[in-house]
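Structure file query.txt (compact mmCIF, C-alpha atoms) follows.
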```
# COMPACT_ATOMS: atom_id res chain seq x y z
CA ASP A 1 -15.13 99.97 -111.08
CA ALA A 2 -15.77 102.12 -114.11
CA GLY A 3 -17.61 100.52 -116.98
CA VAL A 4 -17.00 101.12 -120.65
CA ILE A 5 -16.78 104.84 -121.29
CA GLN A 6 -17.89 106.40 -124.55
CA SER A 7 -17.72 109.96 -125.76
CA PRO A 8 -19.47 111.99 -126.87
CA ARG A 9 -22.87 110.75 -125.75
CA HIS A 10 -24.61 112.74 -128.45
CA GLU A 11 -23.27 114.08 -131.71
CA VAL A 12 -25.08 116.14 -134.28
CA THR A 13 -23.22 116.95 -137.44
CA GLU A 14 -23.80 117.94 -141.00
CA MET A 15 -23.43 115.64 -143.96
CA GLY A 16 -19.87 115.55 -145.20
CA GLN A 17 -18.26 116.29 -141.86
CA GLU A 18 -15.83 113.97 -140.12
CA VAL A 19 -17.08 112.28 -136.95
CA THR A 20 -14.91 110.60 -134.35
CA LEU A 21 -16.36 108.41 -131.62
CA ARG A 22 -14.25 107.38 -128.66
CA CYS A 23 -14.22 104.44 -126.33
CA LYS A 24 -12.34 103.43 -123.20
CA PRO A 25 -12.82 99.74 -122.39
CA ILE A 26 -12.97 98.23 -118.94
CA SER A 27 -9.50 97.90 -117.47
CA GLY A 28 -8.18 94.36 -117.92
CA HIS A 29 -10.40 93.58 -120.86
CA ASN A 30 -8.51 92.96 -124.06
CA SER A 31 -11.28 92.54 -126.59
CA LEU A 32 -13.13 95.56 -127.86
CA PHE A 33 -16.18 95.69 -130.10
CA TRP A 34 -17.94 98.45 -132.04
CA TYR A 35 -21.66 98.03 -132.79
CA ARG A 36 -24.25 100.11 -134.53
CA GLN A 37 -27.93 100.00 -133.64
CA THR A 38 -30.75 101.22 -135.87
CA MET A 39 -34.43 100.49 -135.98
CA MET A 40 -34.15 98.98 -139.43
CA ARG A 41 -31.10 96.76 -138.94
CA GLY A 42 -31.00 96.17 -135.21
CA LEU A 43 -27.62 95.59 -133.58
CA GLU A 44 -24.78 95.14 -136.04
CA LEU A 45 -21.19 94.33 -135.19
CA LEU A 46 -18.92 96.66 -137.14
CA ILE A 47 -15.46 95.57 -136.03
CA TYR A 48 -13.69 93.99 -133.13
CA PHE A 49 -10.17 94.01 -131.74
CA ASN A 50 -8.26 91.53 -129.66
CA ASN A 51 -5.11 92.75 -127.94
CA ASN A 52 -5.40 95.98 -129.95
CA VAL A 53 -5.34 94.10 -133.27
CA PRO A 54 -8.37 94.22 -135.58
CA ILE A 55 -9.69 90.68 -135.93
CA ASP A 56 -12.84 91.06 -137.97
CA ASP A 57 -13.92 94.21 -139.78
CA SER A 58 -16.37 92.53 -142.11
CA GLY A 59 -19.21 94.55 -140.62
CA MET A 60 -17.73 97.92 -141.47
CA PRO A 61 -20.21 99.28 -144.01
CA GLU A 62 -17.77 100.99 -146.35
CA ASP A 63 -14.48 102.78 -146.64
CA ARG A 64 -15.89 105.87 -145.02
CA PHE A 65 -15.67 103.98 -141.72
CA SER A 66 -12.39 103.30 -139.97
CA ALA A 67 -11.45 102.16 -136.48
CA LYS A 68 -8.25 102.18 -134.52
CA MET A 69 -7.05 100.90 -131.19
CA PRO A 70 -3.65 102.46 -130.48
CA ASN A 71 -3.46 101.00 -126.99
CA ALA A 72 -5.36 98.78 -124.58
CA SER A 73 -7.34 101.62 -123.08
CA PHE A 74 -8.54 103.57 -126.08
CA SER A 75 -10.28 103.09 -129.40
CA THR A 76 -11.81 105.37 -132.00
CA LEU A 77 -14.39 104.90 -134.71
CA LYS A 78 -14.21 107.49 -137.44
CA ILE A 79 -16.67 108.28 -140.20
CA GLN A 80 -15.41 110.49 -143.00
CA PRO A 81 -17.39 111.86 -144.72
CA SER A 82 -20.56 111.31 -142.74
CA GLU A 83 -23.94 110.77 -144.40
CA PRO A 84 -27.50 110.95 -143.06
CA ARG A 85 -27.81 107.15 -143.28
CA ASP A 86 -25.04 106.87 -140.70
CA SER A 87 -27.42 108.22 -138.07
CA ALA A 88 -27.63 105.57 -135.37
CA VAL A 89 -26.55 104.71 -131.87
CA TYR A 90 -22.99 103.43 -131.79
CA PHE A 91 -22.01 101.16 -128.94
CA CYS A 92 -18.61 100.11 -127.78
CA ALA A 93 -18.26 96.91 -125.74
CA SER A 94 -15.38 95.09 -124.12
CA SER A 95 -14.79 91.59 -122.81
CA PHE A 96 -12.20 89.69 -120.82
CA ASN A 97 -9.34 87.89 -122.46
CA GLY A 98 -10.89 87.65 -125.88
CA ARG A 99 -12.01 84.10 -125.43
CA ARG A 100 -15.32 83.10 -126.87
CA GLY A 101 -18.08 82.75 -124.42
CA TYR A 102 -17.11 85.67 -122.27
CA GLU A 103 -19.82 88.26 -121.86
CA GLN A 104 -19.39 91.66 -123.39
CA TYR A 105 -20.01 94.79 -121.36
CA PHE A 106 -21.44 97.70 -123.24
CA GLY A 107 -20.89 101.41 -122.95
CA PRO A 108 -23.78 103.88 -122.83
CA GLY A 109 -23.58 104.50 -126.57
CA THR A 110 -23.15 107.56 -128.75
CA ARG A 111 -26.26 108.79 -130.50
CA LEU A 112 -25.15 110.18 -133.86
CA THR A 113 -27.39 112.37 -135.97
CA VAL A 114 -26.19 113.42 -139.40
CA THR A 115 -28.29 116.14 -141.02
CA ALA B 1 -25.16 79.05 -140.16
CA GLN B 2 -25.75 80.63 -136.79
CA LYS B 3 -28.96 82.44 -136.10
CA VAL B 4 -30.99 83.69 -133.16
CA THR B 5 -34.74 84.08 -133.45
CA GLN B 6 -36.91 86.05 -131.06
CA ALA B 7 -40.32 85.63 -132.56
CA GLN B 8 -42.08 87.87 -130.07
CA THR B 9 -41.67 91.43 -131.22
CA GLU B 10 -43.58 93.01 -128.38
CA ILE B 11 -45.26 91.76 -125.22
CA SER B 12 -47.50 93.74 -122.90
CA VAL B 13 -48.41 92.59 -119.42
CA VAL B 14 -49.83 94.05 -116.26
CA GLU B 15 -47.67 94.28 -113.18
CA LYS B 16 -47.33 91.06 -111.18
CA GLU B 17 -47.99 88.87 -114.18
CA ASP B 18 -45.39 86.29 -115.14
CA VAL B 19 -43.96 86.61 -118.63
CA THR B 20 -41.73 84.38 -120.76
CA LEU B 21 -39.54 85.65 -123.56
CA ASP B 22 -38.68 83.07 -126.18
CA CYS B 23 -35.32 82.55 -127.85
CA VAL B 24 -34.55 79.90 -130.45
CA TYR B 25 -31.07 79.50 -131.86
CA GLU B 26 -29.38 77.67 -134.70
CA THR B 27 -25.80 76.48 -134.65
CA ARG B 28 -23.67 73.65 -135.97
CA ASP B 29 -21.14 73.91 -133.18
CA THR B 30 -21.26 71.57 -130.23
CA THR B 31 -19.69 74.22 -128.02
CA TYR B 32 -21.47 77.53 -127.93
CA TYR B 33 -22.64 80.18 -125.51
CA LEU B 34 -25.95 81.91 -125.05
CA PHE B 35 -26.62 85.28 -123.50
CA TRP B 36 -29.44 87.58 -122.50
CA TYR B 37 -29.14 91.35 -122.45
CA LYS B 38 -31.58 94.01 -121.30
CA GLN B 39 -31.92 97.42 -122.94
CA PRO B 40 -34.05 99.74 -120.79
CA PRO B 41 -35.49 102.98 -122.16
CA SER B 42 -32.31 104.78 -121.13
CA GLY B 43 -30.57 102.89 -123.93
CA GLU B 44 -27.66 101.04 -122.40
CA LEU B 45 -27.27 97.30 -122.90
CA VAL B 46 -27.04 95.38 -119.66
CA PHE B 47 -25.68 91.85 -119.46
CA LEU B 48 -28.00 89.46 -117.63
CA ILE B 49 -26.74 85.91 -118.05
CA ARG B 50 -24.39 83.61 -119.93
CA ARG B 51 -24.93 79.91 -120.42
CA ASN B 52 -22.63 77.40 -122.14
CA SER B 53 -23.85 74.50 -124.22
CA PHE B 54 -22.70 71.89 -121.74
CA ASP B 55 -24.74 73.23 -118.88
CA GLU B 56 -28.45 72.68 -119.23
CA GLN B 57 -29.28 73.46 -115.66
CA ASN B 58 -31.91 76.10 -115.28
CA GLU B 59 -30.84 79.28 -113.61
CA ILE B 60 -32.78 81.45 -111.20
CA SER B 61 -31.80 84.90 -110.05
CA GLY B 62 -34.44 86.59 -107.98
CA ARG B 63 -37.48 87.09 -110.19
CA TYR B 64 -35.55 86.05 -113.29
CA SER B 65 -35.18 82.48 -114.49
CA TRP B 66 -33.79 80.90 -117.61
CA ASN B 67 -34.71 77.60 -119.22
CA PHE B 68 -32.12 76.12 -121.57
CA GLN B 69 -33.21 73.13 -123.65
CA LYS B 70 -30.79 71.79 -126.23
CA SER B 71 -33.40 69.39 -127.57
CA THR B 72 -35.47 72.31 -128.82
CA SER B 73 -32.57 74.77 -129.28
CA SER B 74 -34.24 77.20 -126.96
CA PHE B 75 -33.07 79.48 -124.18
CA ASN B 76 -36.16 81.10 -122.74
CA PHE B 77 -36.29 83.83 -120.13
CA THR B 78 -39.06 84.14 -117.55
CA ILE B 79 -39.77 87.11 -115.34
CA THR B 80 -41.93 86.26 -112.36
CA ALA B 81 -44.20 88.88 -110.85
CA SER B 82 -43.21 91.48 -113.41
CA GLN B 83 -42.66 95.10 -112.40
CA VAL B 84 -42.79 98.35 -114.31
CA VAL B 85 -39.00 98.56 -114.07
CA ASP B 86 -38.77 95.39 -116.15
CA SER B 87 -40.02 97.34 -119.17
CA ALA B 88 -37.22 97.13 -121.71
CA VAL B 89 -36.09 95.45 -124.89
CA TYR B 90 -34.54 92.07 -124.20
CA PHE B 91 -31.99 90.54 -126.55
CA CYS B 92 -30.89 86.95 -126.79
CA ALA B 93 -27.44 86.32 -128.31
CA LEU B 94 -25.28 83.40 -129.44
CA SER B 95 -21.52 83.00 -129.55
CA GLU B 96 -19.78 80.16 -131.36
CA GLY B 97 -16.22 79.70 -132.48
CA THR B 98 -15.23 83.34 -132.19
CA ASP B 99 -15.76 86.31 -129.93
CA LYS B 100 -18.63 87.57 -132.04
CA LEU B 101 -22.11 87.74 -130.62
CA ILE B 102 -25.04 87.06 -132.92
CA PHE B 103 -28.01 88.98 -131.57
CA GLY B 104 -31.68 88.32 -132.03
CA THR B 105 -33.96 91.15 -133.05
CA GLY B 106 -35.13 91.69 -129.49
CA THR B 107 -38.45 91.53 -127.66
CA ARG B 108 -39.94 94.72 -126.32
CA LEU B 109 -41.59 94.11 -122.95
CA GLN B 110 -44.02 96.66 -121.60
CA VAL B 111 -45.22 96.23 -118.04
CA PHE B 112 -48.19 98.37 -117.13
CA PRO B 113 -49.07 99.33 -113.57
```
Just give me the structure as structure tokens.
Amino acid sequence: DAGVIQSPRHEVTEMGQEVTLRCKPISGHNSLFWYRQTMMRGLELLIYFNNNVPIDDSGMPEDRFSAKMPNASFSTLKIQPSEPRDSAVYFCASSFNGRRGYEQYFGPGTRLTVT
Amino acid sequence: AQKVTQAQTEISVVEKEDVTLDCVYETRDTTYYLFWYKQPPSGELVFLIRRNSFDEQNEISGRYSWNFQKSTSSFNFTITASQVVDSAVYFCALSEGTDKLIFGTGTRLQVFP
């Protein structure tokens, strides 16, 4: 079975440009999570969805960040405009049934570099 | 407030040594879940184990074992006869009340040949 799929795997962009990260969760999973990992702050949860509905976006750093989940098999995380401090690895994860206690399975991540 | 502490920032061992990674958690819930994830140099996060608060039985999977002790709020991870392929960052995480995982800061394990 395919795991969580993320694209692109690497993204280099200039400050001020719009960046869109994509995620396809594991089929049958109905919770989806977006994380950011940096050396300084470790792993941070940005937002998560259950049944395509955003449940908690308290980790989204600012209005420049937005996330959507139009259907059960696709989600995007958009940064507009991007800034150098957004450089990080962004992970998408999914879990089964949205119940607490279920393990999350992570995608390979997107390494974003903003110059 | 929930919190996960991995006090060991980095551990270095020589192959075949046993190594224990410590995890201490804080929670007010009586029902909670604990997890371990592995992040090898390639970068992906790999799920290793889940344990719920009602099950204090130790778990063994090959060279990996986990010791859950509610009395000390610890969920420690031991690798027996370590191998170079075990080199990675290991994260402990806690889930309580919601789907959110609270991660520790990770322990970097380096296994030298």
- Protein/DNA/RNA residues near (-21.6, 113.5, -138.3), cut 7 Å, only C-alpha atoms, as a ChimeraX atom specification: /A:11-15,17-19,82,112-114
Compile the contact shell of B:Arg28 as an mmCIF file with C-alpha atoms, in the frame of the given file: residues with an atom at most 10 Å away, counting all atoms listed in the file, same-chain residues fewer than 2 positions apart removed.
```cif
data_model
loop_
_atom_site.group_PDB
_atom_site.id
_atom_site.type_symbol
_atom_site.label_atom_id
_atom_site.label_comp_id
_atom_site.auth_asym_id
_atom_site.auth_seq_id
_atom_site.Cartn_x
_atom_site.Cartn_y
_atom_site.Cartn_z
ATOM 1 C CA ALA B 1 -25.160 79.050 -140.160
ATOM 2 C CA GLN B 2 -25.750 80.630 -136.790
ATOM 3 C CA GLU B 26 -29.380 77.670 -134.700
ATOM 4 C CA THR B 30 -21.260 71.570 -130.230
ATOM 5 C CA THR B 31 -19.690 74.220 -128.020
ATOM 6 C CA TYR B 32 -21.470 77.530 -127.930
ATOM 7 C CA GLU B 96 -19.780 80.160 -131.360
#
```
- Distance query 8 Å from (-47.4, 87.0, -116.4) using all atoms listed in the file, result as a list in words: Val13, Val14, Glu15, Lys16, Glu17, Asp18, Val19, Thr20, Ile79, Thr80, Ala81 and Ser82 of chain B
- Taking all atoms listed in the file into account, what are the residues of chain B at most 10 Å from chain A, put as a PyMOL selection string? chain B and resi 31-37+42-52+91+94-106
Residues from the last selection, C-alpha atoms, saved as a short mmCIF file (atom, residue, chain, number, x, y, z; two decimals), keeping the file's coordinate frame:
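Contents of again_5.cif, as written:
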```cif
data_model
loop_
_atom_site.label_atom_id
_atom_site.label_comp_id
_atom_site.auth_asym_id
_atom_site.auth_seq_id
_atom_site.Cartn_x
_atom_site.Cartn_y
_atom_site.Cartn_z
CA THR B 31 -19.69 74.22 -128.02
CA TYR B 32 -21.47 77.53 -127.93
CA TYR B 33 -22.64 80.18 -125.51
CA LEU B 34 -25.95 81.91 -125.05
CA PHE B 35 -26.62 85.28 -123.50
CA TRP B 36 -29.44 87.58 -122.50
CA TYR B 37 -29.14 91.35 -122.45
CA SER B 42 -32.31 104.78 -121.13
CA GLY B 43 -30.57 102.89 -123.93
CA GLU B 44 -27.66 101.04 -122.40
CA LEU B 45 -27.27 97.30 -122.90
CA VAL B 46 -27.04 95.38 -119.66
CA PHE B 47 -25.68 91.85 -119.46
CA LEU B 48 -28.00 89.46 -117.63
CA ILE B 49 -26.74 85.91 -118.05
CA ARG B 50 -24.39 83.61 -119.93
CA ARG B 51 -24.93 79.91 -120.42
CA ASN B 52 -22.63 77.40 -122.14
CA PHE B 91 -31.99 90.54 -126.55
CA LEU B 94 -25.28 83.40 -129.44
CA SER B 95 -21.52 83.00 -129.55
CA GLU B 96 -19.78 80.16 -131.36
CA GLY B 97 -16.22 79.70 -132.48
CA THR B 98 -15.23 83.34 -132.19
CA ASP B 99 -15.76 86.31 -129.93
CA LYS B 100 -18.63 87.57 -132.04
CA LEU B 101 -22.11 87.74 -130.62
CA ILE B 102 -25.04 87.06 -132.92
CA PHE B 103 -28.01 88.98 -131.57
CA GLY B 104 -31.68 88.32 -132.03
CA THR B 105 -33.96 91.15 -133.05
CA GLY B 106 -35.13 91.69 -129.49
#
```
- Provide the atom CA of A:Gly59 to atom CA of B:Ala88 distance in Å, to one decimal place. 26.2 Å
- Atomic separation - atom CA of A:Gly3 relative to atom CA of B:Ala93, Å: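 Atom-to-atom, atom CA of B:Ala93 and atom CA of A:Gly3 are spaced 20.7 Å apart.
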- From atom CA of B:Pro41 to atom CA of B:Leu109 the spacing works out at 10.8 Å
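Restricting the calculation to all atoms listed in the file, the smallest distance between B:Lys38 and any of B:Ile11, B:Val111, B:Val84, B:Cys92 is found for B:Cys92.
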- Item | Nearby residues (all atoms listed in the file) at most 7 Å from A:Phe65, same-chain spacing under 3 positions excluded, as a PyMOL selection string | chain A and resi 60-62+78-80
Can you complete the atoms of stretch 23-46 of chain B to N, CA, C and O atoms and list them as a PDB file, keeping the file's coordinate frame?
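File produced: result.pdb:
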```pdb
ATOM      1  N   CYS B  23     -36.533  82.427-127.037  1.00  0.00           N
ATOM      2  CA  CYS B  23     -35.320  82.550-127.850  1.00  0.00           C
ATOM      3  C   CYS B  23     -35.018  81.183-128.442  1.00  0.00           C
ATOM      4  O   CYS B  23     -34.884  80.194-127.702  1.00  0.00           O
ATOM      5  N   VAL B  24     -34.907  81.139-129.747  1.00  0.00           N
ATOM      6  CA  VAL B  24     -34.550  79.900-130.450  1.00  0.00           C
ATOM      7  C   VAL B  24     -33.295  80.182-131.254  1.00  0.00           C
ATOM      8  O   VAL B  24     -33.173  81.216-131.896  1.00  0.00           O
ATOM      9  N   TYR B  25     -32.347  79.266-131.186  1.00  0.00           N
ATOM     10  CA  TYR B  25     -31.070  79.500-131.860  1.00  0.00           C
ATOM     11  C   TYR B  25     -30.753  78.363-132.827  1.00  0.00           C
ATOM     12  O   TYR B  25     -31.299  77.262-132.709  1.00  0.00           O
ATOM     13  N   GLU B  26     -29.878  78.665-133.758  1.00  0.00           N
ATOM     14  CA  GLU B  26     -29.380  77.670-134.700  1.00  0.00           C
ATOM     15  C   GLU B  26     -27.863  77.722-134.696  1.00  0.00           C
ATOM     16  O   GLU B  26     -27.271  78.793-134.814  1.00  0.00           O
ATOM     17  N   THR B  27     -27.255  76.570-134.583  1.00  0.00           N
ATOM     18  CA  THR B  27     -25.800  76.480-134.650  1.00  0.00           C
ATOM     19  C   THR B  27     -25.384  75.077-135.013  1.00  0.00           C
ATOM     20  O   THR B  27     -26.105  74.119-134.711  1.00  0.00           O
ATOM     21  N   ARG B  28     -24.223  74.963-135.646  1.00  0.00           N
ATOM     22  CA  ARG B  28     -23.670  73.650-135.970  1.00  0.00           C
ATOM     23  C   ARG B  28     -22.583  73.253-134.981  1.00  0.00           C
ATOM     24  O   ARG B  28     -22.127  72.106-134.978  1.00  0.00           O
ATOM     25  N   ASP B  29     -22.181  74.198-134.162  1.00  0.00           N
ATOM     26  CA  ASP B  29     -21.140  73.910-133.180  1.00  0.00           C
ATOM     27  C   ASP B  29     -21.701  73.082-132.030  1.00  0.00           C
ATOM     28  O   ASP B  29     -22.884  73.215-131.679  1.00  0.00           O
ATOM     29  N   THR B  30     -20.848  72.283-131.433  1.00  0.00           N
ATOM     30  CA  THR B  30     -21.260  71.570-130.230  1.00  0.00           C
ATOM     31  C   THR B  30     -20.938  72.375-128.981  1.00  0.00           C
ATOM     32  O   THR B  30     -21.507  72.139-127.925  1.00  0.00           O
ATOM     33  N   THR B  31     -20.023  73.320-129.126  1.00  0.00           N
ATOM     34  CA  THR B  31     -19.690  74.220-128.020  1.00  0.00           C
ATOM     35  C   THR B  31     -20.117  75.632-128.410  1.00  0.00           C
ATOM     36  O   THR B  31     -19.639  76.161-129.409  1.00  0.00           O
ATOM     37  N   TYR B  32     -20.995  76.187-127.643  1.00  0.00           N
ATOM     38  CA  TYR B  32     -21.470  77.530-127.930  1.00  0.00           C
ATOM     39  C   TYR B  32     -21.963  78.144-126.629  1.00  0.00           C
ATOM     40  O   TYR B  32     -22.070  77.479-125.596  1.00  0.00           O
ATOM     41  N   TYR B  33     -22.237  79.439-126.698  1.00  0.00           N
ATOM     42  CA  TYR B  33     -22.640  80.180-125.510  1.00  0.00           C
ATOM     43  C   TYR B  33     -23.865  81.019-125.845  1.00  0.00           C
ATOM     44  O   TYR B  33     -23.988  81.542-126.952  1.00  0.00           O
ATOM     45  N   LEU B  34     -24.725  81.133-124.892  1.00  0.00           N
ATOM     46  CA  LEU B  34     -25.950  81.910-125.050  1.00  0.00           C
ATOM     47  C   LEU B  34     -26.001  82.999-123.994  1.00  0.00           C
ATOM     48  O   LEU B  34     -25.552  82.800-122.862  1.00  0.00           O
ATOM     49  N   PHE B  35     -26.582  84.107-124.374  1.00  0.00           N
ATOM     50  CA  PHE B  35     -26.620  85.280-123.500  1.00  0.00           C
ATOM     51  C   PHE B  35     -27.996  85.940-123.570  1.00  0.00           C
ATOM     52  O   PHE B  35     -28.703  85.834-124.565  1.00  0.00           O
ATOM     53  N   TRP B  36     -28.316  86.653-122.500  1.00  0.00           N
ATOM     54  CA  TRP B  36     -29.440  87.580-122.500  1.00  0.00           C
ATOM     55  C   TRP B  36     -28.947  88.945-122.059  1.00  0.00           C
ATOM     56  O   TRP B  36     -28.159  89.052-121.096  1.00  0.00           O
ATOM     57  N   TYR B  37     -29.424  89.970-122.786  1.00  0.00           N
ATOM     58  CA  TYR B  37     -29.140  91.350-122.450  1.00  0.00           C
ATOM     59  C   TYR B  37     -30.446  92.106-122.340  1.00  0.00           C
ATOM     60  O   TYR B  37     -31.418  91.805-123.016  1.00  0.00           O
ATOM     61  N   LYS B  38     -30.410  93.137-121.495  1.00  0.00           N
ATOM     62  CA  LYS B  38     -31.580  94.010-121.300  1.00  0.00           C
ATOM     63  C   LYS B  38     -31.216  95.405-121.771  1.00  0.00           C
ATOM     64  O   LYS B  38     -30.138  95.916-121.455  1.00  0.00           O
ATOM     65  N   GLN B  39     -32.117  96.035-122.522  1.00  0.00           N
ATOM     66  CA  GLN B  39     -31.920  97.420-122.940  1.00  0.00           C
ATOM     67  C   GLN B  39     -33.100  98.244-122.459  1.00  0.00           C
ATOM     68  O   GLN B  39     -34.148  98.298-123.094  1.00  0.00           O
ATOM     69  N   PRO B  40     -32.961  98.906-121.310  1.00  0.00           N
ATOM     70  CA  PRO B  40     -34.050  99.740-120.790  1.00  0.00           C
ATOM     71  C   PRO B  40     -34.215 100.994-121.637  1.00  0.00           C
ATOM     72  O   PRO B  40     -33.398 101.260-122.520  1.00  0.00           O
ATOM     73  N   PRO B  41     -35.253 101.760-121.369  1.00  0.00           N
ATOM     74  CA  PRO B  41     -35.490 102.980-122.160  1.00  0.00           C
ATOM     75  C   PRO B  41     -34.312 103.941-122.168  1.00  0.00           C
ATOM     76  O   PRO B  41     -34.161 104.723-123.103  1.00  0.00           O
ATOM     77  N   SER B  42     -33.483 103.895-121.163  1.00  0.00           N
ATOM     78  CA  SER B  42     -32.310 104.780-121.130  1.00  0.00           C
ATOM     79  C   SER B  42     -31.283 104.419-122.200  1.00  0.00           C
ATOM     80  O   SER B  42     -30.400 105.223-122.507  1.00  0.00           O
ATOM     81  N   GLY B  43     -31.364 103.216-122.752  1.00  0.00           N
ATOM     82  CA  GLY B  43     -30.570 102.890-123.930  1.00  0.00           C
ATOM     83  C   GLY B  43     -29.381 101.993-123.754  1.00  0.00           C
ATOM     84  O   GLY B  43     -28.899 101.414-124.725  1.00  0.00           O
ATOM     85  N   GLU B  44     -28.849 101.875-122.549  1.00  0.00           N
ATOM     86  CA  GLU B  44     -27.660 101.040-122.400  1.00  0.00           C
ATOM     87  C   GLU B  44     -28.022  99.569-122.481  1.00  0.00           C
ATOM     88  O   GLU B  44     -29.158  99.182-122.230  1.00  0.00           O
ATOM     89  N   LEU B  45     -27.067  98.743-122.834  1.00  0.00           N
ATOM     90  CA  LEU B  45     -27.270  97.300-122.900  1.00  0.00           C
ATOM     91  C   LEU B  45     -26.658  96.664-121.659  1.00  0.00           C
ATOM     92  O   LEU B  45     -25.470  96.810-121.397  1.00  0.00           O
ATOM     93  N   VAL B  46     -27.473  95.942-120.931  1.00  0.00           N
ATOM     94  CA  VAL B  46     -27.040  95.380-119.660  1.00  0.00           C
ATOM     95  C   VAL B  46     -26.990  93.858-119.759  1.00  0.00           C
ATOM     96  O   VAL B  46     -27.991  93.222-120.115  1.00  0.00           O
TER      97      VAL B  46
END
```
